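Peer 1: The structure file final-v1.cif (mmCIF, C-alpha atoms) is provided below.
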data_work
loop_
_atom_site.label_atom_id
_atom_site.label_comp_id
_atom_site.auth_asym_id
_atom_site.auth_seq_id
_atom_site.Cartn_x
_atom_site.Cartn_y
_atom_site.Cartn_z
CA SER K 1 0.00 0.00 0.00
CA PRO K 2 1.31 3.47 -0.73
CA ALA K 3 2.57 5.65 2.10
CA SER K 4 -0.25 7.42 3.87
CA GLN K 5 -0.20 11.18 4.35
CA ASP K 6 0.11 10.65 8.13
CA SER K 7 3.22 8.54 7.71
CA LEU K 8 4.92 11.28 5.73
CA SER K 9 5.37 13.23 8.94
CA PHE K 10 7.37 10.44 10.59
CA GLY K 11 10.95 11.57 10.25
CA PHE K 12 10.39 13.74 7.21
CA HIS K 13 9.02 17.24 6.83
CA GLN K 14 5.91 17.92 4.83
CA ASP K 15 8.19 19.26 2.09
CA SER K 16 6.96 17.66 -1.14
CA THR K 17 10.44 16.47 -2.18
CA GLU K 18 11.09 14.77 1.16
CA GLY K 19 7.54 13.41 1.21
CA GLU K 20 7.99 11.86 -2.20
CA ALA K 21 11.35 10.41 -1.15
CA PHE K 22 9.78 8.87 1.96
CA LYS K 23 6.91 7.46 -0.09
CA PHE K 24 9.39 5.91 -2.53
CA LEU K 25 11.49 4.45 0.31
CA THR K 26 8.43 3.04 2.06
CA ILE K 27 7.19 1.37 -1.12
CA SER K 28 10.70 0.02 -1.81
CA LEU K 29 10.99 -1.36 1.72
CA ARG K 30 7.58 -3.01 1.45
CA GLN K 31 8.66 -4.65 -1.83
CA ASN K 32 11.98 -5.75 -0.32
CA LEU K 33 10.23 -7.36 2.65
CA GLY K 34 7.58 -9.07 0.52
CA GLN K 35 5.25 -11.22 2.66
CA ASP K 36 7.07 -10.11 5.84
CA ALA K 37 5.48 -6.66 5.39
CA LYS K 38 1.94 -8.00 5.08
CA GLY K 39 -0.27 -6.25 7.63
CA ILE K 40 2.45 -3.78 8.64
CA SER K 41 1.48 -0.11 8.47
CA ASP K 42 3.52 2.49 6.63
CA ASP K 43 4.12 4.23 9.96
CA GLU K 44 5.74 1.11 11.39
CA LEU K 45 7.89 0.63 8.29
CA GLY K 46 8.83 4.30 8.53
CA ARG K 47 10.45 3.66 11.92
CA TYR K 48 13.06 1.49 10.23
CA LEU K 49 13.69 4.08 7.51
CA HIS K 50 13.91 6.95 9.99
CA TRP K 51 17.21 5.74 11.50
CA LYS K 52 18.89 5.58 8.11
CA PRO K 53 17.00 5.98 4.84
CA ASP K 54 18.55 2.85 3.30
CA VAL K 55 16.07 0.19 2.22
CA ASN K 56 18.42 -2.79 2.62
CA CYS K 57 19.53 -1.70 6.11
CA ALA K 58 15.92 -1.02 7.09
CA ALA K 59 14.88 -4.49 5.87
CA GLU K 60 17.69 -6.09 7.90
CA ARG K 61 16.65 -4.16 11.03
CA PHE K 62 13.00 -5.09 10.51
CA ARG K 63 13.80 -8.79 10.12
CA ALA K 64 16.23 -8.80 13.05
CA TYR K 65 13.59 -7.20 15.27
CA ARG K 66 10.93 -9.71 14.20
CA THR K 67 13.38 -12.57 14.87
CA PHE K 68 14.22 -11.14 18.30
CA ARG K 69 10.54 -10.89 19.20
CA ARG K 70 9.91 -14.46 18.03
CA GLU K 71 12.93 -15.87 19.94
CA ASN K 72 12.29 -13.86 23.13
CA PRO K 73 8.54 -13.80 23.67
CA TYR K 74 8.92 -13.43 27.44
CA VAL K 75 10.18 -9.86 26.92
CA PHE K 76 6.91 -8.86 25.28
CA ASP K 77 4.32 -10.86 27.20
CA ASP K 78 1.71 -8.89 29.07
CA LYS K 79 1.72 -10.93 32.26
CA PRO K 80 1.12 -8.72 35.29
CA LEU K 81 3.89 -8.44 37.87
CA LEU K 82 2.21 -9.76 41.01
CA LEU K 83 4.35 -9.27 44.09
CA SER K 84 2.36 -11.87 45.99
CA GLN K 85 3.36 -14.50 43.41
CA ASP K 86 6.98 -13.53 42.80
CA PRO K 87 9.35 -13.73 45.79
CA LYS K 88 12.35 -12.55 43.70
CA LEU K 89 10.51 -9.39 42.65
CA THR K 90 9.43 -8.76 46.25
CA PHE K 91 13.04 -9.11 47.42
CA LEU K 92 14.26 -6.75 44.71
CA LEU K 93 11.76 -4.04 45.60
CA GLN K 94 12.39 -4.34 49.33
CA ASN K 95 16.19 -4.52 49.21
CA GLY K 96 17.28 -3.02 45.91
CA MET K 97 19.50 -5.99 45.10
CA VAL K 98 19.04 -8.36 42.19
CA ILE K 99 20.06 -11.96 42.63
CA ALA K 100 22.08 -12.51 39.47
CA PRO K 101 22.09 -15.93 37.81
CA GLU K 102 25.16 -18.01 38.71
CA GLU K 103 26.30 -18.06 35.08
CA LEU K 104 26.52 -14.24 35.05
CA VAL K 105 30.19 -13.48 35.72
CA ALA K 106 32.66 -10.70 34.96
CA LYS K 107 35.37 -11.16 32.31
CA ASP K 108 37.78 -12.34 35.01
CA GLY K 109 35.27 -14.95 36.24
CA SER K 110 34.30 -13.17 39.45
CA ALA K 111 30.69 -12.97 40.64
CA VAL K 112 28.50 -10.02 39.63
CA VAL K 113 26.24 -8.07 41.99
CA ILE K 114 23.57 -5.81 40.50
CA LEU K 115 22.13 -2.89 42.50
CA ARG K 116 19.21 -0.60 41.82
CA ALA K 117 20.63 2.92 41.70
CA ALA K 118 17.51 4.26 43.45
CA LYS K 119 18.60 2.50 46.64
CA CYS K 120 22.26 3.49 46.33
CA ASP K 121 23.03 6.64 48.38
CA LEU K 122 26.65 7.44 47.59
CA SER K 123 26.52 10.85 49.29
CA ALA K 124 27.02 9.22 52.70
CA HIS K 125 30.34 7.73 51.55
CA TYR K 126 31.75 10.19 49.04
CA ASP K 127 30.62 13.65 50.21
CA CYS K 128 28.56 14.20 47.04
#
Would you mind writing the file out in structure tokens?
Peer 2:
Amino acid sequence: SPASQDSLSFGFHQDSTEGEAFKFLTISLRQNLGQDAKGISDDELGRYLHWKPDVNCAAERFRAYRTFRRENPYVFDDKPLLLSQDPKLTFLLQNGMVIAPEELVAKDGSAVVILRAAKCDLSAHYDC
């Protein structure tokens, strides 16, 4: 589908030359993606062109993002965070410390501790 007038404002001015360029790039990206672009709005495709108006790079970014979403669905699930059902989350919120997985180590092999900066008051130690 051709670029909509609304999508022309995403990253490009309403200048007719830039609008035509964006329309051309959007159509080219849609053709490059083929079936992968089915059901994807021009606005969404425009996000990938906004970073760098290069159709091949935009197609690579689009496909990499789709692959990431497919391989990591837990990042995008809409499960509510229920403190009563998640003791690790409760501990984190109460203490500000994350219990890192054992396999998370520094380059030298030492253990890693992760702190929430909101709970870290350095002014008491460093006269900030």
Peer 1: Quick one: pull the distance between atom CA of K:Ser28 and atom CA of K:Arg70, Å, one decimal.
Peer 2: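 We find that atom CA of K:Ser28 and atom CA of K:Arg70 lie 24.6 Å from each other.
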Peer 1: Between atom CA of K:Thr67 and atom CA of K:Leu25, measure the distance and give it in Å to one decimal.
Peer 2: 22.5 Å
Peer 1: Would you please work out which residue, of K:Leu33, K:Ala106, K:Leu89, K:Ala111, is nearest to K:Arg63 when using all atoms listed in the file?
Peer 2: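 Among the listed residues, the smallest separation from K:Arg63 belongs to K:Leu33.
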Peer 1: Determine, counting only C-alpha atoms, every residue of protein, DNA or RNA that lies within 9 Å of (11.7, -3.1, 2.9) in the file coordinates, then give the result as a tab-separated table (two decimals) with C-alpha atoms, in the coordinates of the input.
Peer 2:
chain	number	residue	atom	x	y	z
K	25	LEU	CA	11.49	4.45	0.31
K	26	THR	CA	8.43	3.04	2.06
K	27	ILE	CA	7.19	1.37	-1.12
K	28	SER	CA	10.70	0.02	-1.81
K	29	LEU	CA	10.99	-1.36	1.72
K	30	ARG	CA	7.58	-3.01	1.45
K	31	GLN	CA	8.66	-4.65	-1.83
K	32	ASN	CA	11.98	-5.75	-0.32
K	33	LEU	CA	10.23	-7.36	2.65
K	34	GLY	CA	7.58	-9.07	0.52
K	36	ASP	CA	7.07	-10.11	5.84
K	37	ALA	CA	5.48	-6.66	5.39
K	45	LEU	CA	7.89	0.63	8.29
K	48	TYR	CA	13.06	1.49	10.23
K	49	LEU	CA	13.69	4.08	7.51
K	55	VAL	CA	16.07	0.19	2.22
K	56	ASN	CA	18.42	-2.79	2.62
K	57	CYS	CA	19.53	-1.70	6.11
K	58	ALA	CA	15.92	-1.02	7.09
K	59	ALA	CA	14.88	-4.49	5.87
K	60	GLU	CA	17.69	-6.09	7.90
K	62	PHE	CA	13.00	-5.09	10.51
Peer 1: Calculate how many Å separate atom CA of K:Arg69 from atom CA of K:Lys38, rounding to one decimal.
Peer 2: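 Calculated distance between atom CA of K:Arg69 and atom CA of K:Lys38 is 16.8 Å.
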